[in-house]
Amino acid sequence: MMVSLLPVWAVLTPVLGLCALLLCERWIRPERVAAPFVGLSLYLSLSMTYQVMTSQAPLVYALGGWLPPLGLTLRADGVGVFLMTLTALVMTGVAVCAWTPSEGASSRGRFSFWALLLALWSALNLAFTAQDLFNFFVALEMLSFAAVALVALDGTRGALVAALRYLLFALAGSILYLLGVGLIYGRYAVLDLAGLREIAQPDTVTLAALALMTVGLMAKTALFPLHLWLPPAHAGAPAPASAMLSALVVKAPFLIILRLWVDLLPLPAAAPQQIMAGLGAAAILVCSVIALRQQRLKLMIAYSTLAQVGYLFLMFPLMPGPAPWQDIGWTGGLLQLASHGFAKAAMFLAAGLIYEALGHDRVAELGGLARRQPVTLAAFAIAGLSLMGLPPSGGFIAKLLLLTAAVEAGAWWIAAVILAGGILAAFYVFRALGHALADGDPPVAPVALYRQGAVLALALCALAIGFVPLRPFALLAIGRPLEALEALP
Amino acid sequence: MNGASMNGLLLAASFALPLLLAVAALWPPMRRHLLAALPAAPLPALAAALLAPGGSLMLAPDPLRLTLALDEPGAMLLGGSALLWCAAGAYAAHYLAASPRRTTFAVWWLLTMAGSLGLCLVADMTSFYLFFTVASLAAYGLVAHEATPAAGRASLVYMALALLGEAFLLLAFVMLAIGAPGIGNPAIAEAVAHLAASPFRDAILVLLVLGFGLKMGLVPLHVWMPLAHPVAPMPASAVLSGIIVKAGVIGLIRFLPFGGGLEGGGLGGWGEALIGLGLFTAFYAVAIGLTQPHPKVVLAYSTVSQMGVVAAVAGAGLASGSRATPVLAAFYALHHMLVKGALFLGVGVTGKAGGRSAGPVFAVMAVMALSLAGLPFTSGALAKYVVKDLFGDGAAALAVTLSATGSTLLMLHFLRRLAGLVAADAGKRPPAGLLLPFLAMAAASFLVVGLLLPATGASYAAALAPQALWKACWPVLLGGALAVLLHRFAPCLPAIPPGDLIVLAERGWPAVLRLADRLERADETLRRWPVAGALLLLLLLGLGAAMQLSAGFHIPGG
C-alpha cells in the first residue's frame, strides 16, 4: 500500500469549494466559483486512479497519524478509485450541462445547486474511501441531506412532498444502519473494517447487525420493494440533480452493502444471497414493466433506475469463490454499476434538455425531436443501448459477465431474469425513441450545443466501458483482501 | 502497404463506411444528401468480396480479440448483399426522394447495412453478436417507416421476436464460450470445435436453432415476416427478405459443427431434426402463401418456404458430416438473395408500368419467380442442383424435390396476383430510377450465381446435362399442372390472415395488458407508507432469519 494524502484531498476539495461559494456568494456567480473546484476534483480522482493502476496498491492515509482502531483511515482501493472516477466524470458532465451563462433560474436556486453538487461530491468520495462503519454513516448522512435538498430545489409543492418522503425513508434506513453499527460496537468495540474482518464471528449478534445494516442500506438504495421514495424524487428534481441522484447517490449505499458482505464478514453463498438476488430480480421485472407504461420521460427513466439497481443485487450469489473479487460476478456487478451511472446520467440530462427545448417531457409528444436535437437524441439512444445491454456498451459487458457467472453457477433463474430485463429495457427505450423519431414540427427553444455535447460525452463513456475485456477486471481487485494497518509504512 | 493489410482495411471499410455515413446524419449539411449516398455505401463491401477473400484483420489485440476474416461462404454472401444493397439503395433514393422522413429512413438503412455486411466477415463471437444485433434491431426502423397502424403492429411484433432471438443467442453464446479456449471472447471456429464436448451441448443447439431460425422464419417463428414485408417501403422489403433473413443463414453456417469430428452419433438426431423442421417450414409456408391475396405477402411466405429449404440443407450437412455444407448453403442463400431482391423491387416497378411497358416487366418478373421454383437455366436450377446431393436418395431428397413443385405453385399464384397490380393507365412508364436497379438485380441473379457455380465444386457440364435439366423440369411442370387444378378450387380456399399463427398469439394480448395493469396497481400499493414500512420490517426479519439459519448450517457453533 502507498501512503498518500490524495484521498484526503479528494474529500476536502469539494468542501473547500463549498466554503469559497459561501464567501463569494454576493460578488461572483456560483458556477464560476465552483468551476475550478470541479476541475481540481476531477484531476484528483484521475490522478488517484493512475497511481493505483501503476502501483497496483491502494492509497492509504491515516488522519493525524493515528492508526485504527483509534484513528480514522481513508483508503482508496481499486474499486474506490474506479467509482471516484465515475463520480468525477459524471459530476463534470453534469456541471457542463448545468452551466447556464444566461440569467435563468433564480440566483438563489443556482447557488444552492452548485453548493449541493460539491457537497454531494465530497460525501461520495468519503463513502468510497472510508474504512470504518462510522465513517460510512457520516458519508451516508452527508449524502442523504445533500440529495434531499437537491430534490426540494425547485420549491414546488410536489418537489417538497417528494423530498420529505425521501428524507423520512432515508432516515428510517439510517436508524436501522445505526442500530447495526451499535450492535457491532457492543460486540467487538471495533468499527474498522480491516480489524473487524479478523475478529468477526458469524454469531447471532453479528448476523443481526449485518441484517440491520443491509436492510437499512437497501432502503437508501431503493431496492424494490423499498422504493416508495425514488420515482417522485428522481422525476421531480431538476434534471441535472436527477442525473446525480440516479447515477451516483443510490450507488454509494450499495457499495457499502457490498463491502459489508465481502470485506467485513464473508459468508458462504446460501439463502441470504438468494434473497437479495430475488429482490433484485423482482425489481428488474416489475419496475421495467412499469417504466414501459409511464407517460413522462423522467418517470420512465426513474423506474428504469429501479430496474437497473436490481441487476446490482444479482451479483451476490454469483461470487461463490473464496476470493469474490476474482470472480466474474464481481466485475460484472461493478461494471453494471459504472455503466448504469454513465448511461443514466446521460439519459436524465438528455431528458432535461428535451424538456428545455419542448417545454414538456411527455413521451407520446416527442415527435420532431430527431430533426431538432439530433445530438441529444443520439446521446439518449446510446445511453439506451447500454441500458438494454446491447453491444458495444458497458451494459452489454456487464450483463454478459453476470450471465456467464449465472450459467457457471447453474443459477438459471438469474440468467432468465437478466435476459428478460434486457428485452423489457429495449421496449421502453425503443418506445421513447420511436416517438422521438416520428414526424412533427414542434416549436423548439434553442439549447447550446456544448450542453448537448456534454450529454453525448457521458453516453460515450458508457459505450467505452464496452471495450473492457470479458474477464475479471484487474483494477477492481486491487487492495483486496483488506489487511489491517499495523504501522504506517 | 502490402496486399494483406490492404485487404484487411478493405474488410474494415465494408462496414465502416455505412457507419460513418450514419453518424454523418448528426451534421445538418450532410443530411440533405444522405439518401442519395445510399447506393455508394456498400461499394467497399463489394470490392472486399471481389478482392479480399481469404483476407483477415485483427481489429483489437488479445484480450478483446475482435477479428475480421473473409472465407468463401462469407465472401459469397457479402458480395451478394453488397450488390442488393447497391441496387436497393439506388431504388430507395428515387422511391423515397419526396418522403418527409427520408433522413431517418437513410440512417436506419445505413445501420442495418453496416450490421448485415459486417456479419459476413467477423470471426469472433462478440463481434458476431454485435453485428447481428445491429442488423436485426436497426431493421426495426425500416419496418416501422410508414408509421401506419399496420406498420406499428408489424414493427412491434418484429421487435419483440427479434429481441427474443437475441436473448436466445446471447445465452447460447455464453454457454458456448464457457470452457472454450480464449477467455472471454473466443473465435467462433474454436468455440464451435469445442461444442460437441460441451456439457451444455443440447441446450446450445436448441438455442442456436431458435435464435437463427427466428431470423430465417422457421415455423412457428416465421410470424413476423408476412407482417413486416408488406408494410415496409418496397426497397426495404427487398433487403429485409433478401438480406436480413440471411443473418440466420450465416449464423447456422458459422455455428453448426459441420464435419467437425462428430461421427458416431456425436450429434445424434440433430441433423435429421433440422431437416424435418426445414422441410415442414417449406411446405407449410407454401400452403399458407397460396391463400394470400397480396403479392408482397405471397413473396414473404415464399421467403419463409425457401429459408426452410436452406435449414434443411444445413440439417443434411450436419447429418452427413459434409464439410462443403457452408459453401452450398451460402450458394443457395445467394441465389435467393438476388432473386427475391429483384422480385420485391419488381413489384414496385410493375405498379408503375402500364400498356406496352407492362409486358416486358411482367416477363422478367415471371422468369425471376420461376427461378425460385428451379426453372432450368435460371439461378434457382443451379442452386437446387448443387444442394441435392447432400440429401442422398431417401425421402428427404424426394421432399426437397417436391418443395420445388410447391414453389412453382406459390409463384404462379404470385404472378396471378401481380397481374392485378399492373397500372391501368396505358401510357404509364416505370421511371428509370426504379427500373434500372430492378433489371440490374435480375441480370445479377443469372451472372453472379452462374459464375460462382465452380466454387461449389459442381461443373457446368454436369449441371446443364440433359438428365439434370429433366430433374429440374419435372417438379416445375408438376407444379404447373397442379396450379391449373388449384385454380378450379381457388374459391374454396380458406382466408387466412397474414402472419397466421400470430393472430392466435395476439389473442393473449389483452391478458398481458391486464397483467401490466395489475403490476402497476401493485406498485402503487407497495409505495404507500404503511405497506412500505411493513415490508421494511418483514425484509429485516426475513433476511436476518435466513442469515442465522444458513450460518447455523455452515459454521456450527459460530
# chains A, B, ... in the order shown; residues from 1 in each chain; ligands from 1
call {"tool": "residues_around", "arguments": {"residues": "Gly406 in chain B", "least_positions_apart": "5", "cutoff": "7 Å", "atoms": "only C-alpha atoms", "output": "PDB file with C-alpha atoms, in the first residue's frame"}}
result
ATOM      1  CA  PHE B 283     -44.411 -26.866 -47.283  1.00  0.00           C
ATOM      2  CA  VAL B 286     -46.469 -22.712 -49.441  1.00  0.00           C
ATOM      3  CA  GLY B 479     -46.401 -27.594 -60.187  1.00  0.00           C
TER       4      GLY B 479
END
call {"tool": "residues_around", "arguments": {"residues": "Ile256 in chain A", "least_positions_apart": "3", "cutoff": "9 Å", "atoms": "only C-alpha atoms", "output": "list of chain:residue names"}}
result
A:Ala127, A:Phe128, A:Phe136, A:Thr214, A:Leu217, A:Lys251, A:Ala252, A:Pro253, A:Arg259, A:Leu260, A:Trp261
call {"tool": "residues_around", "arguments": {"residues": "range 300-302 of chain A", "least_positions_apart": "3", "cutoff": "12 Å", "atoms": "only C-alpha atoms", "output": "VMD selection string"}}
result
chain A and resid 222 227 to 237 239 242 to 243 245 to 247 250 287 to 297 305 to 309 340 343 to 352 361 to 363 380 383 to 384 387 425 427 to 429 431 to 432
call {"tool": "write_last_selection", "arguments": {"atoms": "C-alpha atoms", "output": "PDB file, in the first residue's frame"}}
result
ATOM      1  CA  ALA A 222     -34.292   1.999  -3.211  1.00  0.00           C
ATOM      2  CA  HIS A 227     -38.600   2.077  -3.464  1.00  0.00           C
ATOM      3  CA  LEU A 228     -41.513   4.293  -2.493  1.00  0.00           C
ATOM      4  CA  TRP A 229     -39.406   7.439  -2.411  1.00  0.00           C
ATOM      5  CA  LEU A 230     -37.406   7.156  -5.603  1.00  0.00           C
ATOM      6  CA  PRO A 231     -39.814   7.759  -8.503  1.00  0.00           C
ATOM      7  CA  PRO A 232     -41.244  11.070  -7.238  1.00  0.00           C
ATOM      8  CA  ALA A 233     -37.843  12.259  -6.006  1.00  0.00           C
ATOM      9  CA  HIS A 234     -35.890  11.499  -9.154  1.00  0.00           C
ATOM     10  CA  ALA A 235     -38.617  12.575 -11.516  1.00  0.00           C
ATOM     11  CA  GLY A 236     -39.356  15.751  -9.569  1.00  0.00           C
ATOM     12  CA  ALA A 237     -35.834  17.070  -9.132  1.00  0.00           C
ATOM     13  CA  ALA A 239     -32.688  17.137 -14.476  1.00  0.00           C
ATOM     14  CA  SER A 242     -31.807  13.689 -11.070  1.00  0.00           C
ATOM     15  CA  ALA A 243     -28.741  12.703 -13.052  1.00  0.00           C
ATOM     16  CA  LEU A 245     -29.182  11.102  -7.789  1.00  0.00           C
ATOM     17  CA  SER A 246     -29.755   8.206 -10.167  1.00  0.00           C
ATOM     18  CA  ALA A 247     -26.217   7.789 -11.403  1.00  0.00           C
ATOM     19  CA  VAL A 250     -28.070   5.275  -4.923  1.00  0.00           C
ATOM     20  CA  CYS A 287     -40.051  -1.901 -12.478  1.00  0.00           C
ATOM     21  CA  SER A 288     -39.193  -2.438 -16.146  1.00  0.00           C
ATOM     22  CA  VAL A 289     -42.841  -3.163 -16.902  1.00  0.00           C
ATOM     23  CA  ILE A 290     -43.903  -0.055 -15.016  1.00  0.00           C
ATOM     24  CA  ALA A 291     -41.258   2.025 -16.812  1.00  0.00           C
ATOM     25  CA  LEU A 292     -42.802   0.836 -20.048  1.00  0.00           C
ATOM     26  CA  ARG A 293     -46.133   2.339 -19.063  1.00  0.00           C
ATOM     27  CA  GLN A 294     -45.012   5.779 -17.944  1.00  0.00           C
ATOM     28  CA  GLN A 295     -46.289   8.771 -19.858  1.00  0.00           C
ATOM     29  CA  ARG A 296     -43.498  11.090 -18.766  1.00  0.00           C
ATOM     30  CA  LEU A 297     -39.927  10.595 -19.842  1.00  0.00           C
ATOM     31  CA  THR A 305     -33.149   3.186 -12.430  1.00  0.00           C
ATOM     32  CA  LEU A 306     -35.088   0.953 -10.049  1.00  0.00           C
ATOM     33  CA  ALA A 307     -34.820  -1.906 -12.520  1.00  0.00           C
ATOM     34  CA  GLN A 308     -31.127  -1.352 -13.126  1.00  0.00           C
ATOM     35  CA  VAL A 309     -30.399  -1.236  -9.404  1.00  0.00           C
ATOM     36  CA  HIS A 340     -25.528   2.436 -15.493  1.00  0.00           C
ATOM     37  CA  ALA A 343     -25.882   5.910 -19.089  1.00  0.00           C
ATOM     38  CA  LYS A 344     -28.420   7.103 -16.572  1.00  0.00           C
ATOM     39  CA  ALA A 345     -26.677  10.451 -16.081  1.00  0.00           C
ATOM     40  CA  ALA A 346     -26.721  10.939 -19.844  1.00  0.00           C
ATOM     41  CA  MET A 347     -30.353   9.921 -20.046  1.00  0.00           C
ATOM     42  CA  PHE A 348     -31.584  12.244 -17.317  1.00  0.00           C
ATOM     43  CA  LEU A 349     -29.555  15.143 -18.706  1.00  0.00           C
ATOM     44  CA  ALA A 350     -30.935  14.418 -22.168  1.00  0.00           C
ATOM     45  CA  ALA A 351     -34.440  14.387 -20.717  1.00  0.00           C
ATOM     46  CA  GLY A 352     -33.680  17.747 -19.138  1.00  0.00           C
ATOM     47  CA  ASP A 361     -41.391  15.579 -21.418  1.00  0.00           C
ATOM     48  CA  ARG A 362     -44.472  13.620 -22.435  1.00  0.00           C
ATOM     49  CA  VAL A 363     -43.242  10.545 -24.249  1.00  0.00           C
ATOM     50  CA  PHE A 380     -30.271   9.250 -25.404  1.00  0.00           C
ATOM     51  CA  ALA A 383     -27.324   5.547 -23.263  1.00  0.00           C
ATOM     52  CA  GLY A 384     -30.352   3.397 -24.044  1.00  0.00           C
ATOM     53  CA  LEU A 387     -29.389   0.053 -20.517  1.00  0.00           C
ATOM     54  CA  ALA A 425     -35.468  -2.317 -21.308  1.00  0.00           C
ATOM     55  CA  PHE A 427     -39.038  -1.929 -25.211  1.00  0.00           C
ATOM     56  CA  TYR A 428     -39.098   1.173 -23.061  1.00  0.00           C
ATOM     57  CA  VAL A 429     -36.074   2.704 -24.755  1.00  0.00           C
ATOM     58  CA  ARG A 431     -40.806   3.294 -27.275  1.00  0.00           C
ATOM     59  CA  ALA A 432     -39.300   6.677 -26.407  1.00  0.00           C
TER      60      ALA A 432
END
call {"tool": "residues_around", "arguments": {"residues": "Phe173 in chain B", "least_positions_apart": "2", "cutoff": "12 Å", "atoms": "only C-alpha atoms", "output": "JSON, numbers by chain"}}
result
{"A": [400, 401, 403, 404, 407], "B": [124, 125, 126, 127, 128, 129, 130, 166, 167, 168, 169, 170, 171, 175, 176, 177, 178, 179, 180, 184, 185, 186, 187, 188, 191, 192, 195, 200, 201, 203, 204, 205, 206, 207, 208, 211, 251, 255]}
call {"tool": "write_last_selection", "arguments": {"atoms": "N, CA and C atoms", "output": "CSV table (one decimal), in the first residue's frame"}}
result
chain,number,residue,atom,x,y,z
A,400,LEU,N,-23.2,-9.5,-19.9
A,400,LEU,CA,-22.6,-10.8,-20.3
A,400,LEU,C,-21.8,-11.5,-19.2
A,401,LEU,N,-21.1,-10.7,-18.4
A,401,LEU,CA,-20.4,-11.3,-17.3
A,401,LEU,C,-21.3,-11.8,-16.3
A,403,LEU,N,-24.3,-12.9,-16.8
A,403,LEU,CA,-24.9,-14.0,-17.4
A,403,LEU,C,-24.0,-15.2,-17.3
A,404,THR,N,-22.7,-15.0,-17.7
A,404,THR,CA,-21.8,-16.1,-17.7
A,404,THR,C,-21.6,-16.6,-16.2
A,407,VAL,N,-24.7,-18.7,-15.5
A,407,VAL,CA,-24.7,-20.1,-16.1
A,407,VAL,C,-23.6,-21.0,-15.4
B,124,ASP,N,-15.0,-13.6,-34.6
B,124,ASP,CA,-15.1,-13.8,-33.1
B,124,ASP,C,-16.5,-13.6,-32.6
B,125,MET,N,-16.8,-14.2,-31.5
B,125,MET,CA,-18.2,-14.3,-31.1
B,125,MET,C,-18.8,-12.9,-30.7
B,126,THR,N,-18.0,-12.1,-30.0
B,126,THR,CA,-18.6,-10.8,-29.6
B,126,THR,C,-19.0,-10.0,-30.8
B,127,SER,N,-18.0,-9.9,-31.7
B,127,SER,CA,-18.3,-9.1,-32.9
B,127,SER,C,-19.5,-9.7,-33.7
B,128,PHE,N,-19.6,-11.0,-33.7
B,128,PHE,CA,-20.8,-11.6,-34.4
B,128,PHE,C,-22.1,-11.1,-33.7
B,129,TYR,N,-22.1,-11.2,-32.4
B,129,TYR,CA,-23.3,-10.8,-31.7
B,129,TYR,C,-23.6,-9.3,-32.0
B,130,LEU,N,-22.5,-8.5,-32.0
B,130,LEU,CA,-22.7,-7.1,-32.2
B,130,LEU,C,-23.3,-6.8,-33.5
B,166,GLU,N,-32.4,-12.5,-29.9
B,166,GLU,CA,-31.2,-12.0,-29.4
B,166,GLU,C,-30.9,-12.7,-28.0
B,167,ALA,N,-32.0,-12.8,-27.2
B,167,ALA,CA,-31.8,-13.3,-25.9
B,167,ALA,C,-31.4,-14.8,-26.0
B,168,PHE,N,-32.1,-15.6,-26.9
B,168,PHE,CA,-31.7,-17.0,-27.1
B,168,PHE,C,-30.2,-17.0,-27.5
B,169,LEU,N,-29.8,-16.2,-28.4
B,169,LEU,CA,-28.5,-16.3,-29.0
B,169,LEU,C,-27.4,-15.9,-27.9
B,170,LEU,N,-27.8,-14.9,-27.1
B,170,LEU,CA,-26.8,-14.5,-26.1
B,170,LEU,C,-26.6,-15.6,-25.1
B,171,LEU,N,-27.6,-16.2,-24.7
B,171,LEU,CA,-27.5,-17.3,-23.8
B,171,LEU,C,-26.7,-18.5,-24.4
B,175,MET,N,-23.0,-19.9,-23.1
B,175,MET,CA,-22.8,-21.3,-22.8
B,175,MET,C,-21.7,-21.8,-23.7
B,176,LEU,N,-21.6,-21.4,-24.9
B,176,LEU,CA,-20.6,-21.9,-25.9
B,176,LEU,C,-19.2,-21.4,-25.4
B,177,ALA,N,-19.2,-20.2,-24.9
B,177,ALA,CA,-17.9,-19.6,-24.5
B,177,ALA,C,-17.3,-20.2,-23.3
B,178,ILE,N,-18.2,-20.7,-22.4
B,178,ILE,CA,-17.7,-21.3,-21.2
B,178,ILE,C,-16.9,-22.5,-21.5
B,179,GLY,N,-15.6,-22.5,-21.1
B,179,GLY,CA,-14.8,-23.6,-21.3
B,179,GLY,C,-14.1,-23.7,-22.7
B,180,ALA,N,-14.5,-22.7,-23.6
B,180,ALA,CA,-13.8,-22.7,-24.9
B,180,ALA,C,-12.5,-22.0,-24.7
B,184,GLY,N,-13.1,-15.2,-22.4
B,184,GLY,CA,-13.9,-14.1,-22.8
B,184,GLY,C,-14.5,-14.1,-24.1
B,185,ASN,N,-13.6,-14.0,-25.1
B,185,ASN,CA,-14.1,-13.8,-26.5
B,185,ASN,C,-13.5,-14.7,-27.4
B,186,PRO,N,-13.9,-16.0,-27.4
B,186,PRO,CA,-13.2,-17.0,-28.3
B,186,PRO,C,-13.6,-16.7,-29.8
B,187,ALA,N,-12.7,-17.2,-30.7
B,187,ALA,CA,-13.1,-17.2,-32.1
B,187,ALA,C,-14.2,-18.2,-32.3
B,188,ILE,N,-15.1,-17.9,-33.3
B,188,ILE,CA,-16.3,-18.7,-33.5
B,188,ILE,C,-15.8,-20.2,-33.8
B,191,ALA,N,-14.7,-22.0,-30.7
B,191,ALA,CA,-15.8,-22.4,-29.8
B,191,ALA,C,-16.7,-23.5,-30.4
B,192,VAL,N,-16.9,-23.5,-31.7
B,192,VAL,CA,-17.7,-24.5,-32.3
B,192,VAL,C,-17.0,-25.9,-32.3
B,195,LEU,N,-17.9,-27.5,-29.2
B,195,LEU,CA,-19.3,-27.7,-28.9
B,195,LEU,C,-19.6,-29.1,-28.5
B,200,PHE,N,-23.2,-28.4,-22.1
B,200,PHE,CA,-24.5,-27.8,-22.4
B,200,PHE,C,-24.9,-28.0,-23.9
B,201,ARG,N,-24.3,-29.0,-24.5
B,201,ARG,CA,-24.4,-29.2,-26.0
B,201,ARG,C,-25.8,-29.1,-26.5
B,203,ALA,N,-28.6,-27.9,-25.1
B,203,ALA,CA,-29.2,-26.6,-24.8
B,203,ALA,C,-28.7,-25.6,-25.8
B,204,ILE,N,-27.4,-25.6,-26.1
B,204,ILE,CA,-26.8,-24.7,-27.0
B,204,ILE,C,-27.4,-24.8,-28.4
B,205,LEU,N,-27.5,-26.1,-28.8
B,205,LEU,CA,-28.0,-26.3,-30.2
B,205,LEU,C,-29.5,-25.8,-30.3
B,206,VAL,N,-30.3,-26.1,-29.3
B,206,VAL,CA,-31.7,-25.7,-29.3
B,206,VAL,C,-31.7,-24.2,-29.4
B,207,LEU,N,-30.9,-23.5,-28.5
B,207,LEU,CA,-31.0,-22.0,-28.5
B,207,LEU,C,-30.5,-21.5,-29.9
B,208,LEU,N,-29.5,-22.1,-30.4
B,208,LEU,CA,-29.0,-21.6,-31.7
B,208,LEU,C,-30.0,-21.7,-32.8
B,211,GLY,N,-32.7,-19.1,-32.1
B,211,GLY,CA,-32.3,-17.7,-32.4
B,211,GLY,C,-32.1,-17.5,-33.9
B,251,GLY,N,-25.6,-17.4,-39.5
B,251,GLY,CA,-25.5,-17.9,-38.2
B,251,GLY,C,-25.4,-19.5,-38.2
B,255,PHE,N,-22.1,-21.5,-36.9
B,255,PHE,CA,-22.2,-22.0,-35.6
B,255,PHE,C,-22.5,-23.5,-35.5
call {"tool": "atom_distance", "arguments": {"atom1": "CA of Leu437 in chain A", "atom2": "CA of Arg371 in chain A"}}
result
8.1 Å
call {"tool": "atom_distance", "arguments": {"atom1": "CA of Glu272 in chain B", "atom2": "CA of Tyr284 in chain B"}}
result
18.0 Å
call {"tool": "residues_around", "arguments": {"residues": "Ala370 in chain A", "least_positions_apart": "5", "cutoff": "9 Å", "atoms": "only C-alpha atoms", "output": "PyMOL selection string"}}
result
(chain A and resi 375-378+433+436-439) or (chain B and resi 104)
call {"tool": "residues_around", "arguments": {"residues": "range 394-397 of chain B", "least_positions_apart": "3", "cutoff": "10 Å", "atoms": "only C-alpha atoms", "output": "ChimeraX atom specification"}}
result
/B:272,275-276,279,312,316,387-391,400-403
call {"tool": "select_by_dssp", "arguments": {"residues": "range 206-303 of chain B", "states": "helix (DSSP H, G or I)", "output": "PyMOL selection string"}}
result
chain B and resi 206-216+224-231+234-244+246-255+270-289+295-303
call {"tool": "closest_atom_pairs", "arguments": {"of": "chain A", "to": "chain B", "cutoff": "7 Å", "atoms": "only C-alpha atoms", "output": "CSV"}}
result
residue,atom,partner,partner_atom,distance
A:Gln201,CA,B:Gly558,CA,6.4
A:Pro202,CA,B:Gly558,CA,5.6
A:Asp203,CA,B:Gly558,CA,5.2
A:Thr204,CA,B:Gln548,CA,6.6
A:Leu207,CA,B:Met547,CA,6.5
A:Ala208,CA,B:Gly544,CA,5.8
A:Ala211,CA,B:Gly544,CA,5.2
A:Leu212,CA,B:Leu540,CA,6.5
A:Val215,CA,B:Leu540,CA,5.9
A:Pro225,CA,B:Leu526,CA,6.7
A:Leu226,CA,B:Ala532,CA,6.1
A:His227,CA,B:Arg527,CA,6.9
A:Leu228,CA,B:Arg527,CA,4.2
A:Ala270,CA,B:Ser550,CA,6.4
A:Ala271,CA,B:Ala546,CA,6.0
A:Pro272,CA,B:Ala546,CA,5.5
A:Val286,CA,B:Leu519,CA,6.8
A:Val289,CA,B:Ala516,CA,6.7
A:Ile290,CA,B:Glu520,CA,6.0
A:Pro374,CA,B:Leu26,CA,5.9
A:Val375,CA,B:Leu26,CA,6.5
A:Pro391,CA,B:Leu130,CA,5.3
A:Pro392,CA,B:Leu130,CA,6.6
A:Thr404,CA,B:Val174,CA,5.7
A:Leu419,CA,B:Ala167,CA,5.7
A:Ile423,CA,B:Leu163,CA,5.9
A:Pro469,CA,B:Leu64,CA,5.3
A:Leu470,CA,B:Gly184,CA,4.4
A:Arg471,CA,B:Gly184,CA,5.8
call {"tool": "write_last_selection", "arguments": {"atoms": "C-alpha atoms", "output": "short mmCIF file (atom, residue, chain, number, x, y, z; two decimals), in the first residue's frame"}}
result
data_model
loop_
_atom_site.label_atom_id
_atom_site.label_comp_id
_atom_site.auth_asym_id
_atom_site.auth_seq_id
_atom_site.Cartn_x
_atom_site.Cartn_y
_atom_site.Cartn_z
CA GLN A 201 -17.71 -14.30 14.01
CA PRO A 202 -20.95 -15.34 12.35
CA ASP A 203 -22.78 -15.36 15.68
CA THR A 204 -26.29 -14.16 16.37
CA LEU A 207 -25.57 -11.53 11.90
CA ALA A 208 -28.40 -9.45 13.31
CA ALA A 211 -29.03 -7.78 8.59
CA LEU A 212 -29.97 -4.43 10.15
CA VAL A 215 -31.75 -3.64 5.09
CA PRO A 225 -39.96 -3.18 -2.72
CA LEU A 226 -38.36 -0.41 -0.61
CA HIS A 227 -38.60 2.08 -3.46
CA LEU A 228 -41.51 4.29 -2.49
CA ALA A 270 -26.56 -19.51 0.67
CA ALA A 271 -30.13 -18.40 1.25
CA PRO A 272 -29.44 -14.73 2.21
CA VAL A 286 -41.70 -5.30 -12.11
CA VAL A 289 -42.84 -3.16 -16.90
CA ILE A 290 -43.90 -0.05 -15.02
CA PRO A 374 -30.10 15.12 -33.15
CA VAL A 375 -27.16 15.25 -30.74
CA PRO A 391 -23.15 -4.31 -27.73
CA PRO A 392 -20.94 -2.39 -27.84
CA THR A 404 -21.76 -16.10 -17.67
CA LEU A 419 -32.28 -11.74 -20.46
CA ILE A 423 -35.87 -7.28 -23.55
CA PRO A 469 -12.11 -7.35 -21.91
CA LEU A 470 -14.51 -10.08 -20.87
CA ARG A 471 -12.66 -11.33 -17.83
#
